[in-house]
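**Student:** The structure follows.
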Amino acid sequence: AALDPATRDLTARRDEVLGASYRLFYRRPVHLVRGEGQYLWDVDGRKYLDMYNNVASLGHCHPAVVAAVHDQMQRLNTHTRYLHETILDYTDDLLSTLPVELDKAMYMCTGSEANDLAIRVARASSGGEGIIASREAYHGTSDLTSGVSPALGSGQPIAPSARLVDAPDAYRVDAPDLGAWFADRVRAAIADMEAHGTRFAGLILDSIFSSDGVLPGPAGYLREAVDVVHRAGGVVIADEVQPGFGRTGEAFWGFQRHGIVPDVVTLGKPMGNGIPVSGLVARADVLAAFSDTVPYFNTFGGNPVSMAAAQAVLTTIRDEGLQQHSASVGAFALDELRGLMATHETVGDVRGAGLFIGFELVRSRDGREPDRALALALLEQLRDRGVLTSVAGPHGNVLKLRPPLAFQAADVDWLVGALDESLTALGA
Ligand code: PMP
């Protein structure tokens with residue numbers, strides 16, 4: 001369908017003045033003007049179900065966050081070279097959600113900055129350089145983080161000192177013990193690095209492997225790999241930018257589902273429900289090698305307005321029971337989505353933890369050949385039915401279903417109905 005004139009105008013203006021690196025979603029781009037909870041509205045007043053945004057994790061424009069930001073913005077916003085309570089009160093609260101070993105926090109504005117610092121900390125602490133990441137990982141935009149972000153594609157070189165390991169994909173890897181299988185890959189990557197004269201510094205992982213196609217289970221499968229890293233003198237960095245803040249339901253942090261204690265944890269996206277705030281939490285002894293010698297000042301990181309937003313997020317997750325909600329509504333949604341497998345042979349696998357679900361499309365269920373073309377066509381069909389999401393995974397054939405935690409059981413009908421109709425319309 002042809003673009004309406006207003007959409008065409010905005011698209012042309014973007015092309016004219018913005019760097020070409022920016023990519024739009026959808027053949028007919030969506031022009032949003034308002035959000036509330038799990039819903040979004042476009043410029044024509046059309047309502048959408050947001051199945052993708054974990055930044056507005058409590059829900060779009062959550063009143064507790066809006067009020068906290070407004071209130072603090074009216075009083076003062078400044079940086080961390082003056083005394084202020086908000087950063088300390090928030091840190092006490094944040095640390096109380098984490099294992100006791102993780103006892104120091106630092107703040108920045110984006111997940112990229114948090115991971116960039118985490119890599120520097122891992123290097124300082126281990127004395128090594130080489131970082132291991134998963135095959136399709138995304139960890140950020142800086143030089144250090146994009147060097148371990150193969151999801152950026154072949155135009156982005158991987159750091160020569162880094163190594164990539166295949167993600168533990170229970171649907172595609174045929175191994176009796178996925179944890180042992182993954183640990184073997186990490187062990188081999190360390191050996192290869194060292195054979196090339198690079199000393200090992202650490203492993204960075206997103207415990208639900210969001211960009212590798214949403215790989216939640218089986219819970220516990222990361223334990224052995226973490227032991228391998230520690231025995232080799234490396235640092236384990238858990239990138240919680242996607243699985244953190246109650247998202248996966250059964251635990252507050254994604255890594256906790258696997259019964260591991262990382263040395264460094266990085267936080268982002270949902271931390272401020274839309275306000276740019278990110279963080280790094282680490283064991284004091286791991287952080288010391290870096291922070292005892294190198295100053296770190298982040299102009300906006302940890303400012304009172306960001307901390308007020310972050311505090312409102314933590315408080316609201318508790319007050320509204322959102323972690324438990326994520327577990328129960330997520331389980332219900334997962335069941336209903338799996339129901340589509342009865343009528344659609346192209347739905348190969350549906351997996352998830354809490355409100356973080358991967359919906360994998362294949363040519364046929366027996367062969368399991370990934371169907372990227374179908375996934376992309378499905379996105380457009382869903383958009384036409386008001387459901388917004390996107391794809392992940394090395395084959396680009398996994399729908400990533402990761403709505404604001406305001407998502408309700410009543411929304412499942414819209415989601416499942418739209419998927420059913422869209423697949424049928426595509427003859428799939
Ligand atoms: N880590 C992960 C797992 C992410 O998904 C992202 C963002 N997509 C980042 C880090 C980078 O965060 P930011 O865009 O805030 O820099």
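Chain labels follow the order of the structure tokens: the first chain is A, the next B, and so on; residue numbering restarts at 1 in every chain, and ligands are counted from 1 in their shown order.
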Around ligand 1, out to 6 Å and counting only C-alpha atoms and all ligand atoms, which residues are there? I want them as number ranges by chain.
**Tutor:** A: 110-112, 138-140, 206, 239, 241-242, 268-269
**Student:** Would you save the residues from that selection as a compact mmCIF listing (two decimals), in the first residue's frame, using C-alpha atoms?
**Tutor:**
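As a result, again-v4.txt now contains:
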# COMPACT_ATOMS: atom_id res chain seq x y z
CA THR A 110 22.70 3.91 28.71
CA GLY A 111 23.22 0.17 28.64
CA SER A 112 26.16 0.72 26.30
CA TYR A 138 24.14 -7.14 21.33
CA HIS A 139 25.84 -5.21 24.11
CA GLY A 140 26.03 -1.62 22.90
CA ASP A 206 22.53 -11.73 28.60
CA ASP A 239 23.98 -7.94 31.08
CA VAL A 241 19.50 -4.71 30.20
CA GLN A 242 16.79 -7.00 28.80
CA GLY A 268 19.58 -0.38 31.62
CA LYS A 269 16.41 0.00 29.59
**Student:** Residues of stretch 265-290 of chain A within 12 Å of stretch 39-57 of chain A: nearest atom pair and distance (Å, one decimal) for each, counting only C-alpha atoms, sorted by chain and number, as CSV?
**Tutor:**
residue,atom,partner,partner_atom,distance
A:Leu267,CA,A:Val55,CA,11.5
A:Gly268,CA,A:Val55,CA,8.4
A:Lys269,CA,A:Val55,CA,4.7
A:Pro270,CA,A:Val55,CA,4.2
A:Met271,CA,A:Val55,CA,7.6
A:Gly272,CA,A:Val55,CA,7.7
A:Asn273,CA,A:Ala56,CA,4.5
A:Gly274,CA,A:Ala56,CA,5.6
A:Ile275,CA,A:Val55,CA,8.8
A:Pro276,CA,A:Val55,CA,9.5
A:Val277,CA,A:Val55,CA,10.6
A:Ser278,CA,A:Val55,CA,11.4
**Student:** The selected residues should be written to file as an mmCIF file, in the first residue's frame (atoms: N, CA and C atoms).
**Tutor:**
data_model
loop_
_atom_site.group_PDB
_atom_site.id
_atom_site.type_symbol
_atom_site.label_atom_id
_atom_site.label_comp_id
_atom_site.auth_asym_id
_atom_site.auth_seq_id
_atom_site.Cartn_x
_atom_site.Cartn_y
_atom_site.Cartn_z
ATOM 1 N N LEU A 267 22.821 -2.818 34.136
ATOM 2 C CA LEU A 267 21.384 -2.527 34.146
ATOM 3 C C LEU A 267 21.102 -1.403 33.170
ATOM 4 N N GLY A 268 19.918 -1.454 32.549
ATOM 5 C CA GLY A 268 19.580 -0.375 31.622
ATOM 6 C C GLY A 268 18.096 -0.316 31.365
ATOM 7 N N LYS A 269 17.779 -0.218 30.086
ATOM 8 C CA LYS A 269 16.407 0.000 29.591
ATOM 9 C C LYS A 269 15.292 0.205 30.630
ATOM 10 N N PRO A 270 14.810 -0.875 31.299
ATOM 11 C CA PRO A 270 13.620 -0.691 32.152
ATOM 12 C C PRO A 270 13.905 0.072 33.439
ATOM 13 N N MET A 271 15.153 0.340 33.722
ATOM 14 C CA MET A 271 15.549 0.888 35.024
ATOM 15 C C MET A 271 14.856 2.205 35.362
ATOM 16 N N GLY A 272 14.568 3.035 34.337
ATOM 17 C CA GLY A 272 13.954 4.341 34.574
ATOM 18 C C GLY A 272 12.610 4.499 33.869
ATOM 19 N N ASN A 273 12.083 3.397 33.345
ATOM 20 C CA ASN A 273 10.794 3.418 32.633
ATOM 21 C C ASN A 273 10.731 4.497 31.545
ATOM 22 N N GLY A 274 11.859 4.759 30.907
ATOM 23 C CA GLY A 274 11.862 5.745 29.820
ATOM 24 C C GLY A 274 12.839 6.879 30.053
ATOM 25 N N ILE A 275 13.166 7.141 31.310
ATOM 26 C CA ILE A 275 14.221 8.114 31.608
ATOM 27 C C ILE A 275 15.558 7.402 31.377
ATOM 28 N N PRO A 276 16.497 8.048 30.663
ATOM 29 C CA PRO A 276 17.771 7.357 30.399
ATOM 30 C C PRO A 276 18.588 7.215 31.688
ATOM 31 N N VAL A 277 18.593 6.037 32.250
ATOM 32 C CA VAL A 277 19.400 5.759 33.434
ATOM 33 C C VAL A 277 19.881 4.317 33.330
ATOM 34 N N SER A 278 21.160 4.108 33.636
ATOM 35 C CA SER A 278 21.699 2.752 33.628
ATOM 36 C C SER A 278 22.650 2.608 34.801
#
**Student:** Pick out the closest residue to A:Leu405 from this set: A:Gly339, A:Gly352, A:Gly358, A:Gly249. Count only C-alpha atoms.
**Tutor:**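 Checking each candidate against A:Leu405, we get A:Gly249 as the closest.
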**Student:** Pick out the residues sitting within 8 Å of A:Asp263, and hand them over as a ChimeraX atom specification; count only C-alpha atoms, and ignore anything fewer than 6 positions along from it in its own chain.
**Tutor:** /A:102,235-238,282-283,286
**Student:** Mind writing the picked residues with C-alpha atoms as a short mmCIF file (atom, residue, chain, number, x, y, z; two decimals), in the first residue's frame?
**Tutor:**
data_model
loop_
_atom_site.label_atom_id
_atom_site.label_comp_id
_atom_site.auth_asym_id
_atom_site.auth_seq_id
_atom_site.Cartn_x
_atom_site.Cartn_y
_atom_site.Cartn_z
CA LEU A 102 27.41 -7.51 44.78
CA VAL A 235 35.06 -12.04 35.28
CA VAL A 236 31.41 -12.88 34.65
CA ILE A 237 29.34 -9.93 33.46
CA ALA A 238 25.57 -10.40 33.50
CA ALA A 282 29.87 -5.22 41.14
CA ARG A 283 31.68 -7.07 43.84
CA VAL A 286 36.40 -6.90 41.37
#
**Student:** Taking only stretch 138-283 of chain A into account, list the residues labelled strand (DSSP E or B) by DSSP (computed from the backbone), as a PyMOL selection string.
**Tutor:** chain A and resi 163-165+200-205+235-239+264-267+273+275+278-282
**Student:** Would you please work out which residue, of A:Glu113, A:Ala289, A:Ala20, A:Arg120, is nearest to A:Ser142 when using only C-alpha atoms?
**Tutor:** A:Glu113
**Student:** Considering only C-alpha atoms, return as a compact mmCIF listing (two decimals) with C-alpha atoms, in the first residue's frame whatever protein or nucleic-acid residues lie within 8 Å of A:Arg247, sequence-local ones (same chain, fewer than 6 positions apart) excluded.
**Tutor:**
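out19.txt written:
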# COMPACT_ATOMS: atom_id res chain seq x y z
CA TRP A 253 17.08 -10.68 37.88
CA GLY A 254 17.49 -12.92 34.85
CA GLN A 323 7.34 -9.69 39.06
CA SER A 326 4.96 -11.25 34.90
CA ALA A 353 10.21 -16.85 31.06
CA GLY A 354 7.64 -14.45 32.45
CA LEU A 355 6.67 -11.79 29.94
CA PHE A 356 9.64 -12.53 27.69
CA LEU A 405 4.60 -5.53 32.39
**Student:** Would you kindly return, as number ranges by chain, each protein, DNA or RNA residue with an atom no farther than 12 Å from any atom of A:Leu314, considering only C-alpha atoms and excluding same-chain residues fewer than 6 positions away?
**Tutor:** A: 57-58, 64-65, 89-97, 244-246, 252, 270-273, 307-308, 320-323
**Student:** Name the residues of stretch 76-292 of chain A that come out as alpha helix (DSSP H) in a backbone DSSP run; write them as a VMD selection string.
**Tutor:** chain A and resid 85 to 95 111 to 126 143 to 146 178 to 195 223 to 231 284 to 291
**Student:** Near A:Gly220, counting only C-alpha atoms, which residues have an atom at most 6 Å away, once you skip same-chain residues fewer than 2 positions from it, shown as a VMD selection string?
**Tutor:** chain A and resid 222 to 223 258 to 259
**Student:** Need to verify the contact set: A:Ala170, 8 Å, only C-alpha atoms, exclusion of same-chain residues closer than 4 positions in sequence. Can you return it as a PyMOL selection string?
**Tutor:** chain A and resi 174+178+215+217-218
**Student:** How would the residues just picked look written out with N, CA and C atoms as a compact mmCIF listing (two decimals), in the first residue's frame?
**Tutor:**
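Everything below was put into again_29.txt:
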# COMPACT_ATOMS: atom_id res chain seq x y z
N ASP A 174 21.36 -30.20 19.85
CA ASP A 174 21.03 -31.55 20.29
C ASP A 174 22.13 -32.01 21.25
N LEU A 178 22.69 -29.29 28.15
CA LEU A 178 22.96 -28.02 27.47
C LEU A 178 23.97 -27.17 28.25
N LEU A 215 16.29 -17.31 24.66
CA LEU A 215 16.59 -18.69 25.06
C LEU A 215 16.56 -18.79 26.58
N GLY A 217 15.75 -21.34 28.64
CA GLY A 217 15.93 -22.52 29.47
C GLY A 217 16.78 -23.59 28.87
N PRO A 218 16.99 -24.61 29.64
CA PRO A 218 16.46 -24.84 30.99
C PRO A 218 17.16 -23.99 32.04
**Student:** Give the answer as one residue: which of A:Asn298, A:Ser291, A:Ser328, A:Ser149 has the shortest atom-to-atom distance to A:Ser134, using only C-alpha atoms?
**Tutor:**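 Among the listed residues, the smallest separation from A:Ser134 belongs to A:Ser149.
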**Student:** Could you state the separation of atom CA of A:Phe200 and atom CA of A:Ala159 in Å, given to one decimal place?
**Tutor:**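 Atom CA of A:Ala159 lies 13.3 Å from atom CA of A:Phe200.
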**Student:** What is the distance between atom CA of A:His70 and atom CA of A:Val33, in Å to one decimal?
**Tutor:** 20.1 Å
**Student:** Within 12 Å of stretch 381-393 of chain A, which residues of stretch 111-159 of chain A show up? Give each one with its shortest atom-to-atom distance in Å (one decimal) and the two atoms involved, counting only C-alpha atoms, rows by chain then rising residue number, as a Markdown table.
**Tutor:**
| residue | atom | partner | partner_atom | distance |
| --- | --- | --- | --- | --- |
| A:Ser134 | CA | A:Gly393 | CA | 11.2 |
| A:Arg135 | CA | A:Gly393 | CA | 9.6 |
| A:Glu136 | CA | A:Gly393 | CA | 6.9 |
| A:Ala137 | CA | A:Gly393 | CA | 9.2 |
| A:Tyr138 | CA | A:Ala392 | CA | 10.7 |
| A:Pro150 | CA | A:Gly393 | CA | 11.3 |
| A:Ala151 | CA | A:Gly393 | CA | 8.7 |
| A:Leu152 | CA | A:Ala392 | CA | 12.0 |
**Student:** Using only N, CA and C atoms, please write the residues we just selected to a file, as a PDB file, in the first residue's frame.
**Tutor:**
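Output (out_37.pdb):
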ATOM      1  N   SER A 134      28.166 -14.090  23.166  1.00  0.00           N
ATOM      2  CA  SER A 134      27.440 -15.095  22.382  1.00  0.00           C
ATOM      3  C   SER A 134      27.373 -14.689  20.906  1.00  0.00           C
ATOM      4  N   ARG A 135      27.100 -15.667  20.071  1.00  0.00           N
ATOM      5  CA  ARG A 135      27.214 -15.551  18.601  1.00  0.00           C
ATOM      6  C   ARG A 135      26.412 -14.410  17.986  1.00  0.00           C
ATOM      7  N   GLU A 136      25.274 -14.070  18.604  1.00  0.00           N
ATOM      8  CA  GLU A 136      24.394 -13.050  18.015  1.00  0.00           C
ATOM      9  C   GLU A 136      24.137 -11.930  19.022  1.00  0.00           C
ATOM     10  N   ALA A 137      25.052 -11.771  19.984  1.00  0.00           N
ATOM     11  CA  ALA A 137      24.834 -10.833  21.097  1.00  0.00           C
ATOM     12  C   ALA A 137      24.745  -9.382  20.636  1.00  0.00           C
ATOM     13  N   TYR A 138      24.065  -8.593  21.451  1.00  0.00           N
ATOM     14  CA  TYR A 138      24.142  -7.143  21.325  1.00  0.00           C
ATOM     15  C   TYR A 138      24.431  -6.562  22.704  1.00  0.00           C
ATOM     16  N   PRO A 150      28.002  -8.943  17.726  1.00  0.00           N
ATOM     17  CA  PRO A 150      27.837  -9.456  16.364  1.00  0.00           C
ATOM     18  C   PRO A 150      26.458  -9.187  15.775  1.00  0.00           C
ATOM     19  N   ALA A 151      25.455  -8.896  16.617  1.00  0.00           N
ATOM     20  CA  ALA A 151      24.109  -8.602  16.087  1.00  0.00           C
ATOM     21  C   ALA A 151      24.135  -7.383  15.169  1.00  0.00           C
ATOM     22  N   LEU A 152      25.193  -6.565  15.247  1.00  0.00           N
ATOM     23  CA  LEU A 152      25.269  -5.381  14.387  1.00  0.00           C
ATOM     24  C   LEU A 152      25.578  -5.748  12.935  1.00  0.00           C
TER      25      LEU A 152
END
